[in-house]
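Engineer: What follows is protein-v3.csv, made up of CSV, C-alpha atoms and all ligand atoms:
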```csv
chain,number,residue,atom,x,y,z
A,363,MET,CA,-98.2,41.9,99.2
A,364,ILE,CA,-97.2,45.6,99.0
A,365,MET,CA,-93.8,46.0,97.4
A,366,ALA,CA,-91.1,48.1,99.0
A,367,LEU,CA,-91.1,51.7,97.8
A,368,SER,CA,-88.0,53.9,98.1
A,369,LEU,CA,-88.5,54.8,101.7
A,370,ALA,CA,-86.4,51.9,103.2
A,371,LEU,CA,-85.2,52.6,106.7
A,372,PRO,CA,-81.7,51.6,107.9
A,373,GLN,CA,-81.5,47.9,108.7
A,374,ALA,CA,-81.0,48.5,112.4
A,375,HIS,CA,-84.4,50.1,112.7
A,376,THR,CA,-86.5,47.7,110.7
A,377,SER,CA,-88.8,45.3,112.5
A,378,THR,CA,-89.2,41.8,111.4
A,379,ALA,CA,-92.7,40.9,110.1
A,380,LEU,CA,-94.1,37.8,111.8
A,381,ASP,CA,-96.6,35.3,110.5
A,382,VAL,CA,-99.8,34.8,112.5
A,383,GLU,CA,-101.7,31.5,113.0
A,384,PHE,CA,-105.2,31.1,114.5
A,385,SER,CA,-105.9,27.5,115.3
A,386,ASN,CA,-109.5,26.6,116.2
A,387,VAL,CA,-110.0,29.9,118.1
A,388,SER,CA,-113.3,30.5,119.8
A,389,ARG,CA,-114.4,33.0,122.5
A,390,THR,CA,-117.4,32.7,124.7
A,391,PHE,CA,-118.1,35.4,127.3
A,392,THR,CA,-119.7,34.0,130.4
A,393,THR,CA,-121.5,36.2,132.9
A,394,LYS,CA,-123.5,35.2,135.9
A,395,SER,CA,-126.7,35.0,133.9
A,396,GLU,CA,-125.6,33.9,130.5
A,397,SER,CA,-123.0,32.5,128.3
A,398,ARG,CA,-122.5,34.1,124.9
A,399,ALA,CA,-120.5,32.5,122.1
A,400,VAL,CA,-119.0,35.4,120.1
A,401,LEU,CA,-116.4,33.7,117.9
A,402,SER,CA,-116.0,30.1,116.9
A,403,ASP,CA,-113.8,27.9,114.7
A,404,ILE,CA,-111.4,30.6,113.5
A,405,ASN,CA,-108.6,29.1,111.5
A,406,LEU,CA,-106.3,31.4,109.6
A,407,GLN,CA,-102.7,31.3,108.4
A,408,ILE,CA,-101.4,34.8,107.8
A,409,PRO,CA,-98.0,35.0,106.1
A,410,ALA,CA,-95.4,37.5,107.4
A,411,GLY,CA,-95.9,40.9,105.9
A,412,GLN,CA,-99.4,40.4,104.7
A,413,VAL,CA,-101.9,43.2,105.1
A,414,VAL,CA,-105.2,41.7,106.2
A,415,ALA,CA,-108.5,43.7,106.5
A,416,ILE,CA,-111.2,42.3,108.8
A,417,LEU,CA,-114.8,43.3,108.0
A,418,GLY,CA,-118.0,42.3,109.7
A,419,ALA,CA,-121.1,43.7,111.3
A,420,SER,CA,-120.9,45.7,114.5
A,421,GLY,CA,-120.6,43.4,117.5
A,422,CYS,CA,-119.5,40.3,115.6
A,423,GLY,CA,-116.2,40.0,117.4
A,424,LYS,CA,-113.7,41.8,115.3
A,425,SER,CA,-112.1,43.7,118.3
A,426,THR,CA,-112.2,40.5,120.3
A,427,LEU,CA,-110.2,38.8,117.7
A,428,LEU,CA,-107.5,41.6,117.6
A,429,ARG,CA,-107.5,41.6,121.4
A,430,ALA,CA,-106.7,38.0,121.5
A,431,VAL,CA,-103.7,38.5,119.2
A,432,SER,CA,-102.4,41.3,121.5
A,433,GLY,CA,-102.9,39.1,124.6
A,434,LEU,CA,-105.5,41.6,126.1
A,435,ASP,CA,-108.0,38.8,125.9
A,436,GLN,CA,-107.7,35.0,125.8
A,437,PRO,CA,-109.5,32.6,123.5
A,438,SER,CA,-111.8,30.2,125.2
A,439,THR,CA,-110.4,27.4,123.1
A,440,GLY,CA,-107.7,27.2,120.5
A,441,SER,CA,-104.5,29.1,120.2
A,442,ILE,CA,-102.8,32.0,118.4
A,443,ARG,CA,-99.2,32.0,117.4
A,444,THR,CA,-97.2,35.1,116.3
A,445,GLY,CA,-93.9,34.1,114.8
A,446,LYS,CA,-92.4,31.3,116.9
A,447,ARG,CA,-94.4,32.0,120.0
A,448,ASN,CA,-97.9,31.1,121.1
A,449,VAL,CA,-99.7,34.1,122.6
A,450,ASP,CA,-99.9,33.7,126.4
A,451,GLY,CA,-100.4,37.0,128.2
A,452,ILE,CA,-99.5,40.4,126.8
A,453,ASN,CA,-97.9,39.9,123.4
A,454,GLU,CA,-94.8,42.1,123.2
A,455,LEU,CA,-94.4,41.3,119.5
A,456,CYS,CA,-97.5,43.3,118.7
A,457,ALA,CA,-98.5,47.0,118.8
A,458,VAL,CA,-102.0,48.3,118.7
A,459,ALA,CA,-103.7,51.5,117.4
A,460,PHE,CA,-107.3,52.3,118.0
A,461,GLN,CA,-110.0,54.5,116.6
A,462,GLU,CA,-109.2,57.1,119.3
A,463,PRO,CA,-105.6,58.1,119.4
A,464,ARG,CA,-105.3,57.7,123.2
A,465,LEU,CA,-102.5,60.2,123.6
A,466,LEU,CA,-101.2,61.5,126.9
A,467,PRO,CA,-102.5,65.1,126.9
A,468,TRP,CA,-99.6,66.5,129.0
A,469,ARG,CA,-96.9,65.0,126.8
A,470,SER,CA,-95.6,66.4,123.5
A,471,VAL,CA,-96.0,64.7,120.2
A,472,ARG,CA,-92.4,63.5,120.4
A,473,GLU,CA,-92.8,62.2,123.9
A,474,ASN,CA,-96.1,60.4,123.1
A,475,ILE,CA,-94.3,58.6,120.2
A,476,ALA,CA,-91.4,57.7,122.5
A,477,LEU,CA,-93.9,55.9,124.8
A,478,GLY,CA,-94.1,53.2,122.2
A,479,LEU,CA,-90.4,52.3,122.4
A,480,ALA,CA,-89.6,48.8,123.5
A,481,PRO,CA,-88.2,48.6,127.1
A,482,GLY,CA,-84.5,48.6,127.0
A,483,THR,CA,-84.1,50.6,123.8
A,484,SER,CA,-80.9,52.7,124.2
A,485,LYS,CA,-81.4,56.5,124.2
A,486,ALA,CA,-79.5,57.0,121.0
A,487,ASP,CA,-81.3,54.2,119.1
A,488,GLY,CA,-84.7,55.5,120.4
A,489,ALA,CA,-84.0,59.1,119.4
A,490,GLU,CA,-82.9,58.0,115.9
A,491,LEU,CA,-86.0,55.8,115.4
A,492,ILE,CA,-88.3,58.5,116.6
A,493,ASP,CA,-86.8,61.0,114.3
A,494,GLU,CA,-87.4,58.6,111.4
A,495,LEU,CA,-91.0,58.0,112.4
A,496,ILE,CA,-91.7,61.7,112.8
A,497,GLU,CA,-90.5,62.2,109.3
A,498,LEU,CA,-92.3,59.2,107.9
A,499,THR,CA,-95.6,60.3,109.4
A,500,GLY,CA,-95.1,64.0,108.4
A,501,LEU,CA,-95.0,65.4,112.0
A,502,SER,CA,-91.7,67.3,111.8
A,503,HIS,CA,-93.4,70.6,112.3
A,504,ALA,CA,-95.4,69.4,115.3
A,505,THR,CA,-92.9,67.6,117.6
A,506,ASP,CA,-93.2,69.9,120.5
A,507,LEU,CA,-97.0,70.4,120.4
A,508,ARG,CA,-99.4,68.8,122.9
A,509,PRO,CA,-102.3,66.6,121.7
A,510,ARG,CA,-104.9,69.4,122.2
A,511,GLU,CA,-103.0,71.6,119.7
A,512,ILE,CA,-103.1,69.2,116.8
A,513,SER,CA,-105.9,67.9,114.5
A,514,GLY,CA,-107.6,64.6,114.7
A,515,GLY,CA,-105.6,63.3,111.7
A,516,MET,CA,-102.3,64.4,113.2
A,517,ALA,CA,-103.2,62.7,116.5
A,518,GLN,CA,-103.9,59.5,114.6
A,519,ARG,CA,-100.5,59.8,112.9
A,520,VAL,CA,-98.9,60.2,116.3
A,521,SER,CA,-100.8,57.1,117.4
A,522,LEU,CA,-99.5,55.1,114.4
A,523,ALA,CA,-95.9,56.4,115.0
A,524,ARG,CA,-96.1,55.3,118.7
A,525,ALA,CA,-97.2,51.8,117.6
A,526,LEU,CA,-94.4,51.6,115.1
A,527,ALA,CA,-91.8,52.8,117.7
A,528,ARG,CA,-92.2,49.3,119.2
A,529,ARG,CA,-91.0,47.8,115.9
A,530,PRO,CA,-93.9,45.4,116.0
A,531,GLY,CA,-93.8,42.1,114.2
A,532,VAL,CA,-97.6,42.4,113.9
A,533,LEU,CA,-99.4,45.8,113.8
A,534,LEU,CA,-103.0,45.6,115.0
A,535,LEU,CA,-105.3,48.4,113.9
A,536,ASP,CA,-108.9,48.6,115.2
A,537,GLU,CA,-110.9,50.9,112.9
A,538,PRO,CA,-107.9,53.3,113.0
A,539,PHE,CA,-109.4,55.9,110.6
A,540,GLY,CA,-113.0,55.5,111.6
A,541,ALA,CA,-113.3,58.8,113.3
A,542,LEU,CA,-111.6,60.9,110.7
A,543,ASP,CA,-113.2,63.0,107.9
A,544,ALA,CA,-113.3,61.4,104.5
A,545,LEU,CA,-110.3,63.4,103.0
A,546,THR,CA,-108.1,62.8,106.0
A,547,ARG,CA,-109.0,59.1,105.9
A,548,LEU,CA,-107.8,58.9,102.3
A,549,LYS,CA,-104.5,60.6,103.2
A,550,MET,CA,-104.1,58.1,106.1
A,551,GLN,CA,-104.6,55.2,103.8
A,552,ASP,CA,-101.8,56.5,101.6
A,553,LEU,CA,-99.7,56.9,104.7
A,554,LEU,CA,-100.4,53.4,105.9
A,555,LEU,CA,-99.2,52.0,102.5
A,556,SER,CA,-96.0,53.9,102.6
A,557,ILE,CA,-95.4,52.9,106.3
A,558,HIS,CA,-95.9,49.3,105.3
A,559,ALA,CA,-93.4,49.7,102.5
A,560,SER,CA,-90.7,51.0,104.9
A,561,PHE,CA,-91.6,48.9,108.0
A,562,PRO,CA,-91.8,45.2,107.2
A,563,THR,CA,-94.7,44.4,109.6
A,564,THR,CA,-97.7,42.2,109.3
A,565,ILE,CA,-100.9,44.3,109.5
A,566,LEU,CA,-104.3,43.1,110.8
A,567,MET,CA,-106.7,45.9,110.4
A,568,VAL,CA,-110.4,46.0,111.4
A,569,THR,CA,-112.4,48.4,109.3
A,570,HIS,CA,-116.1,48.9,108.5
A,571,ASP,CA,-115.2,50.5,105.2
A,572,VAL,CA,-115.3,48.1,102.2
A,573,ASP,CA,-113.5,50.5,100.0
A,574,GLU,CA,-110.8,51.0,102.6
A,575,ALA,CA,-110.4,47.2,102.9
A,576,LEU,CA,-110.1,46.7,99.1
A,577,THR,CA,-107.7,49.7,98.7
A,578,LEU,CA,-105.2,48.6,101.4
A,579,ALA,CA,-105.4,44.9,102.0
A,580,ASP,CA,-103.7,41.9,100.3
A,581,ARG,CA,-106.5,39.8,101.8
A,582,VAL,CA,-110.0,40.6,103.1
A,583,ILE,CA,-111.6,38.5,105.7
A,584,VAL,CA,-115.3,38.8,106.6
A,585,LEU,CA,-116.5,37.7,110.0
A,586,GLY,CA,-120.2,36.8,110.3
A,587,ARG,CA,-122.8,34.6,111.8
A,588,GLU,CA,-124.1,31.7,109.8
A,589,GLY,CA,-127.4,31.7,111.7
A,590,GLN,CA,-129.0,33.7,114.5
A,591,ASP,CA,-127.6,32.9,117.9
A,592,THR,CA,-124.5,31.3,116.5
A,593,ALA,CA,-121.0,32.6,117.0
A,594,ALA,CA,-119.2,34.5,114.2
A,595,THR,CA,-116.6,32.8,112.1
A,596,VAL,CA,-114.9,33.5,108.8
A,597,ILE,CA,-117.7,33.6,106.2
A,598,LYS,CA,-115.6,35.0,103.3
A,599,GLU,CA,-112.0,35.5,102.2
A,600,LEU,CA,-110.7,37.4,99.3
A,601,SER,CA,-107.2,37.9,97.9
A,602,MET,CA,-106.4,41.1,96.2
A,603,SER,CA,-103.8,40.8,93.6
A,604,ALA,CA,-103.9,44.2,92.0
A,605,SER,CA,-100.8,46.4,92.7
A,606,HIS,CA,-101.0,49.7,94.5
A,607,PRO,CA,-102.3,52.3,94.0
A,608,ARG,CA,-105.6,50.4,93.3
A,609,LYS,CA,-108.0,51.9,90.9
A,610,HIS,CA,-111.6,51.8,92.1
A,611,ASN,CA,-112.9,51.5,88.6
A,612,GLU,CA,-111.1,48.2,87.8
A,613,ASP,CA,-113.2,45.1,87.3
A,614,GLN,CA,-111.8,43.1,90.2
A,615,PHE,CA,-112.4,46.0,92.6
A,616,ILE,CA,-115.9,46.7,91.4
A,617,ALA,CA,-116.9,43.0,91.6
A,618,HIS,CA,-115.4,42.5,95.1
A,619,ARG,CA,-117.0,45.7,96.3
A,620,ALA,CA,-120.4,44.6,95.2
A,621,GLY,CA,-120.0,41.1,96.7
A,622,LEU,CA,-118.8,42.4,100.1
A,623,LEU,CA,-121.5,45.0,100.4
A,624,ARG,CA,-124.1,42.4,99.6
A,625,LEU,CA,-122.6,40.1,102.2
A,626,LEU,CA,-122.8,42.9,104.8
A,627,GLY,CA,-126.4,43.5,104.0
A,628,VAL,CA,-126.1,46.6,101.8
A,629,ASP,CA,-127.6,46.8,98.3
A,630,PRO,CA,-124.6,47.7,96.0
A,631,THR,CA,-126.7,49.1,93.3
A,632,ASN,CA,-127.6,52.0,95.7
A,633,HIS,CA,-123.9,52.7,96.6
B,701,LIG,N1,-115.2,41.5,128.1
B,701,LIG,C1,-116.4,41.2,127.5
B,701,LIG,N2,-117.4,40.6,128.3
B,701,LIG,C2,-118.6,40.3,127.8
B,701,LIG,N3,-118.9,40.5,126.5
B,701,LIG,C3,-118.0,41.0,125.7
B,701,LIG,C4,-116.7,41.4,126.2
B,701,LIG,N4,-116.0,41.9,125.1
B,701,LIG,C5,-116.8,41.9,124.1
B,701,LIG,N5,-118.0,41.3,124.4
B,701,LIG,C6,-119.1,41.1,123.5
B,701,LIG,O1,-118.7,40.4,122.4
B,701,LIG,C7,-119.3,40.8,121.2
B,701,LIG,C8,-118.3,41.2,120.2
B,701,LIG,O2,-117.7,42.4,120.6
B,701,LIG,P1,-116.5,43.1,119.7
B,701,LIG,O3,-115.4,42.2,119.5
B,701,LIG,O4,-116.2,44.4,120.4
B,701,LIG,O5,-117.3,43.4,118.3
B,701,LIG,P2,-116.9,44.3,117.1
B,701,LIG,O6,-115.5,44.8,117.3
B,701,LIG,O7,-117.0,43.3,115.9
B,701,LIG,O8,-117.9,45.3,117.0
B,701,LIG,C9,-120.2,42.0,121.6
B,701,LIG,O9,-121.5,41.5,121.8
B,701,LIG,C10,-119.7,42.4,123.0
B,701,LIG,O10,-120.7,42.9,123.8
B,702,MG,MG,-114.8,46.7,117.5
```
Could I get this file's structure written as structure tokens?
Structural biologist:
Amino acid sequence: MIMALSLALPQAHTSTALDVEFSNVSRTFTTKSESRAVLSDINLQIPAGQVVAILGASGCGKSTLLRAVSGLDQPSTGSIRTGKRNVDGINELCAVAFQEPRLLPWRSVRENIALGLAPGTSKADGAELIDELIELTGLSHATDLRPREISGGMAQRVSLARALARRPGVLLLDEPFGALDALTRLKMQDLLLSIHASFPTTILMVTHDVDEALTLADRVIVLGREGQDTAATVIKELSMSASHPRKHNEDQFIAHRAGLLRLLGVDPTNH
């Protein structure tokens, strides 16, 4: 688990991290002509506050799994629980950020972040929380700009701040830095760690980047198919015990990196 840094927010504005449980989750998509089993037999217990990275080949069901937690999709069998509640319809305890920031172009940075506030948040509370998020995500100089006037990295910071404005118990990130250049991506990884230190939320993050997974996560989960035409399930799980910041030349990191690349079909000696 990532230990708290010095950035702790006032108590009134902290979210409460929730544990997540997947029990026998499967998902089969049925169309008129065919039935396709995408996920099967997913069983996971994720403690509150854990940062989990989800890896797997393209099309293996990573986004489907996150959508099921958010309530945007329903498992065909099994159930998902966040905190005390089973997911049934849109899950208000979660917030999602995607690869594309999905900002409203006619709204300012500040207004876009405010869209994430939970319904019923008082004006004063909302304004205070947004001020804190703007500071945390380094957007103080950009609050009045429109999305077209900011860089891709800044837009993604707005997207993260908007998700956090909900004070989610579970933050779902679907390849959040996948469209950013390599340097911006590294900065966003640092930002995510400091966000996690000041906002006690559970994070489920899909990434295709093995280094990113090993740098950020307490736990790495790989989804994959055990045979052709079978549904994907959890084929590997790793716990990362090293503290942050993680050095990429440490033995544990190097060994895990090689193992994960191999599992994903890449020869680690070439990379
Ligand atoms: N609503 C849907 N209807 C039919 N098939 C779907 C639907 N959503 C996803 N799929 C299929 O499920 C598989 C997994 O998709 P997805 O979860 O997006 O994979 P990943 O995020 O790992 O790339 C893909 O083959 C995709 O075409
Ligand atoms: Mg996806």
Engineer: Report, in Å to a single decimal, how far apart atom CA of Glu537 of chain A and atom CA of Leu585 of chain A are.
Structural biologist: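 Value for the atom CA of Leu585 of chain A-atom CA of Glu537 of chain A distance: 14.6 Å.
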Engineer: Using only C-alpha atoms and a cutoff of 12 Å, can you tell me which residues are near (-115.0, 43.6, 96.8) in the file's coordinates, and write them out as a tab-separated table (two decimals) with C-alpha atoms, keeping the file's coordinate frame?
Structural biologist:
```tsv
chain	number	residue	atom	x	y	z
A	415	ALA	CA	-108.50	43.70	106.50
A	417	LEU	CA	-114.80	43.30	108.00
A	571	ASP	CA	-115.20	50.50	105.20
A	572	VAL	CA	-115.30	48.10	102.20
A	573	ASP	CA	-113.50	50.50	100.00
A	574	GLU	CA	-110.80	51.00	102.60
A	575	ALA	CA	-110.40	47.20	102.90
A	576	LEU	CA	-110.10	46.70	99.10
A	577	THR	CA	-107.70	49.70	98.70
A	578	LEU	CA	-105.20	48.60	101.40
A	579	ALA	CA	-105.40	44.90	102.00
A	580	ASP	CA	-103.70	41.90	100.30
A	581	ARG	CA	-106.50	39.80	101.80
A	582	VAL	CA	-110.00	40.60	103.10
A	583	ILE	CA	-111.60	38.50	105.70
A	584	VAL	CA	-115.30	38.80	106.60
A	598	LYS	CA	-115.60	35.00	103.30
A	599	GLU	CA	-112.00	35.50	102.20
A	600	LEU	CA	-110.70	37.40	99.30
A	601	SER	CA	-107.20	37.90	97.90
A	602	MET	CA	-106.40	41.10	96.20
A	603	SER	CA	-103.80	40.80	93.60
A	610	HIS	CA	-111.60	51.80	92.10
A	611	ASN	CA	-112.90	51.50	88.60
A	612	GLU	CA	-111.10	48.20	87.80
A	613	ASP	CA	-113.20	45.10	87.30
A	614	GLN	CA	-111.80	43.10	90.20
A	615	PHE	CA	-112.40	46.00	92.60
A	616	ILE	CA	-115.90	46.70	91.40
A	617	ALA	CA	-116.90	43.00	91.60
A	618	HIS	CA	-115.40	42.50	95.10
A	619	ARG	CA	-117.00	45.70	96.30
A	620	ALA	CA	-120.40	44.60	95.20
A	621	GLY	CA	-120.00	41.10	96.70
A	622	LEU	CA	-118.80	42.40	100.10
A	623	LEU	CA	-121.50	45.00	100.40
A	624	ARG	CA	-124.10	42.40	99.60
A	625	LEU	CA	-122.60	40.10	102.20
A	626	LEU	CA	-122.80	42.90	104.80
A	630	PRO	CA	-124.60	47.70	96.00
```
Engineer: Within 12 Å of ligand MG 702 (chain B), counting only C-alpha atoms and all ligand atoms: which residues, as a list in words?
Structural biologist: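 With only C-alpha atoms and all ligand atoms and a cut-off of 12 Å, ligand MG 702 (chain B) is contacted by Ile416, Leu417, Gly418, Ala419, Ser420, Gly421, Cys422, Gly423, Lys424, Ser425, Thr426, Leu427, Leu428, Arg429, Phe460, Gln461, Glu462, Leu535, Asp536, Glu537, Pro538, Gly540, Met567, Val568, Thr569, His570 and Leu585 of chain A.
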Engineer: With all atoms listed in the file as the basis for distance, which of A:His633, A:Arg524, A:Arg587, A:Arg389 is at the shortest distance from Ala459 of chain A?
Structural biologist: A:Arg524
Engineer: Find the distance between atom CA of Ile557 of chain A and atom CA of Arg464 of chain A and write it in Å to one decimal.
Structural biologist: 20.2 Å
Engineer: Please provide the set of residues having any atom within 7 Å of Pro530 of chain A, restricted to all atoms listed in the file, with same-chain residues fewer than 6 positions apart removed, written as a PyMOL selection string.
Structural biologist: chain A and resi 377+455-457+563
Engineer: Applying 8 Å and only C-alpha atoms, which residues near segment 398-411 of chain A remain after dropping the ones on its own chain fewer than 3 positions away? List them as a PyMOL selection string.
Structural biologist: chain A and resi 363+379-392+422-423+562-565+592-596
Engineer: Taking the point (-99.6, 46.0, 120.7) as given in the file, collect each protein or nucleic acid residue that comes within 9 Å of it, counting only C-alpha atoms, and present the set as an MDAnalysis selection string.
Structural biologist: chainID A and resid 431:433 452:459 525 528 530 532:534
Engineer: Go ahead and write the residues just picked, C-alpha atoms, as a PDB file, keeping the file's coordinate frame.
Structural biologist:
```pdb
ATOM      1  CA  VAL A 431    -103.700  38.500 119.200  1.00  0.00           C
ATOM      2  CA  SER A 432    -102.400  41.300 121.500  1.00  0.00           C
ATOM      3  CA  GLY A 433    -102.900  39.100 124.600  1.00  0.00           C
ATOM      4  CA  ILE A 452     -99.500  40.400 126.800  1.00  0.00           C
ATOM      5  CA  ASN A 453     -97.900  39.900 123.400  1.00  0.00           C
ATOM      6  CA  GLU A 454     -94.800  42.100 123.200  1.00  0.00           C
ATOM      7  CA  LEU A 455     -94.400  41.300 119.500  1.00  0.00           C
ATOM      8  CA  CYS A 456     -97.500  43.300 118.700  1.00  0.00           C
ATOM      9  CA  ALA A 457     -98.500  47.000 118.800  1.00  0.00           C
ATOM     10  CA  VAL A 458    -102.000  48.300 118.700  1.00  0.00           C
ATOM     11  CA  ALA A 459    -103.700  51.500 117.400  1.00  0.00           C
ATOM     12  CA  ALA A 525     -97.200  51.800 117.600  1.00  0.00           C
ATOM     13  CA  ARG A 528     -92.200  49.300 119.200  1.00  0.00           C
ATOM     14  CA  PRO A 530     -93.900  45.400 116.000  1.00  0.00           C
ATOM     15  CA  VAL A 532     -97.600  42.400 113.900  1.00  0.00           C
ATOM     16  CA  LEU A 533     -99.400  45.800 113.800  1.00  0.00           C
ATOM     17  CA  LEU A 534    -103.000  45.600 115.000  1.00  0.00           C
TER      18      LEU A 534
END
```
Engineer: Go ahead and compute the interatomic distance for atom CA of Lys485 of chain A and atom CA of Ala517 of chain A, in Å to one decimal.
Structural biologist: 23.9 Å
Engineer: Of the candidates A:Pro437, A:Arg529, A:Ile442, A:Ser521, which one gets nearest to Pro481 of chain A if we count all atoms listed in the file?
Structural biologist: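 Ranked by minimum distance to Pro481 of chain A, first place goes to A:Arg529.
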Engineer: With all atoms listed in the file as the basis for distance, which of A:Leu526, A:Leu501, A:Met516, A:Leu434 is at the shortest distance from ligand LIG 701 (chain B)?
Structural biologist: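 Checking each of A:Leu526, A:Leu501, A:Met516, A:Leu434 against ligand LIG 701 (chain B), counting all atoms listed in the file, the winner is A:Leu434.
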Engineer: Which of these residues is nearest to ligand LIG 701 (chain B), using all atoms listed in the file: A:Gly586, A:Pro607, A:Gly488, A:Gly531?
Structural biologist: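 For ligand LIG 701 (chain B), the nearest of the given residues is A:Gly586.
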Engineer: Given all atoms listed in the file as the basis, pick out the residue of A:Ala430, A:Val449, A:Ala489, A:Leu466 nearest to ligand LIG 701 (chain B).
Structural biologist: A:Ala430
Engineer: Considering all atoms listed in the file, state which residue in the set A:Thr505, A:Thr444, A:Gln518, A:Ser395 is at the smallest distance from Ser470 of chain A.
Structural biologist: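 For Ser470 of chain A, the nearest of the candidates is A:Thr505.
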Engineer: Just the residues within 12 Å of Thr546 of chain A, please, counting all atoms listed in the file, with nothing from its chain fewer than 3 positions along; format it as a list of chain:residue names.
Structural biologist: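 Those residues are A:Ser513, A:Gly514, A:Gly515, A:Met516, A:Ala517, A:Gln518, A:Arg519, A:Pro538, A:Phe539, A:Gly540, A:Ala541, A:Leu542, A:Asp543, A:Lys549, A:Met550, A:Gln551, A:Asp552, A:Leu553.
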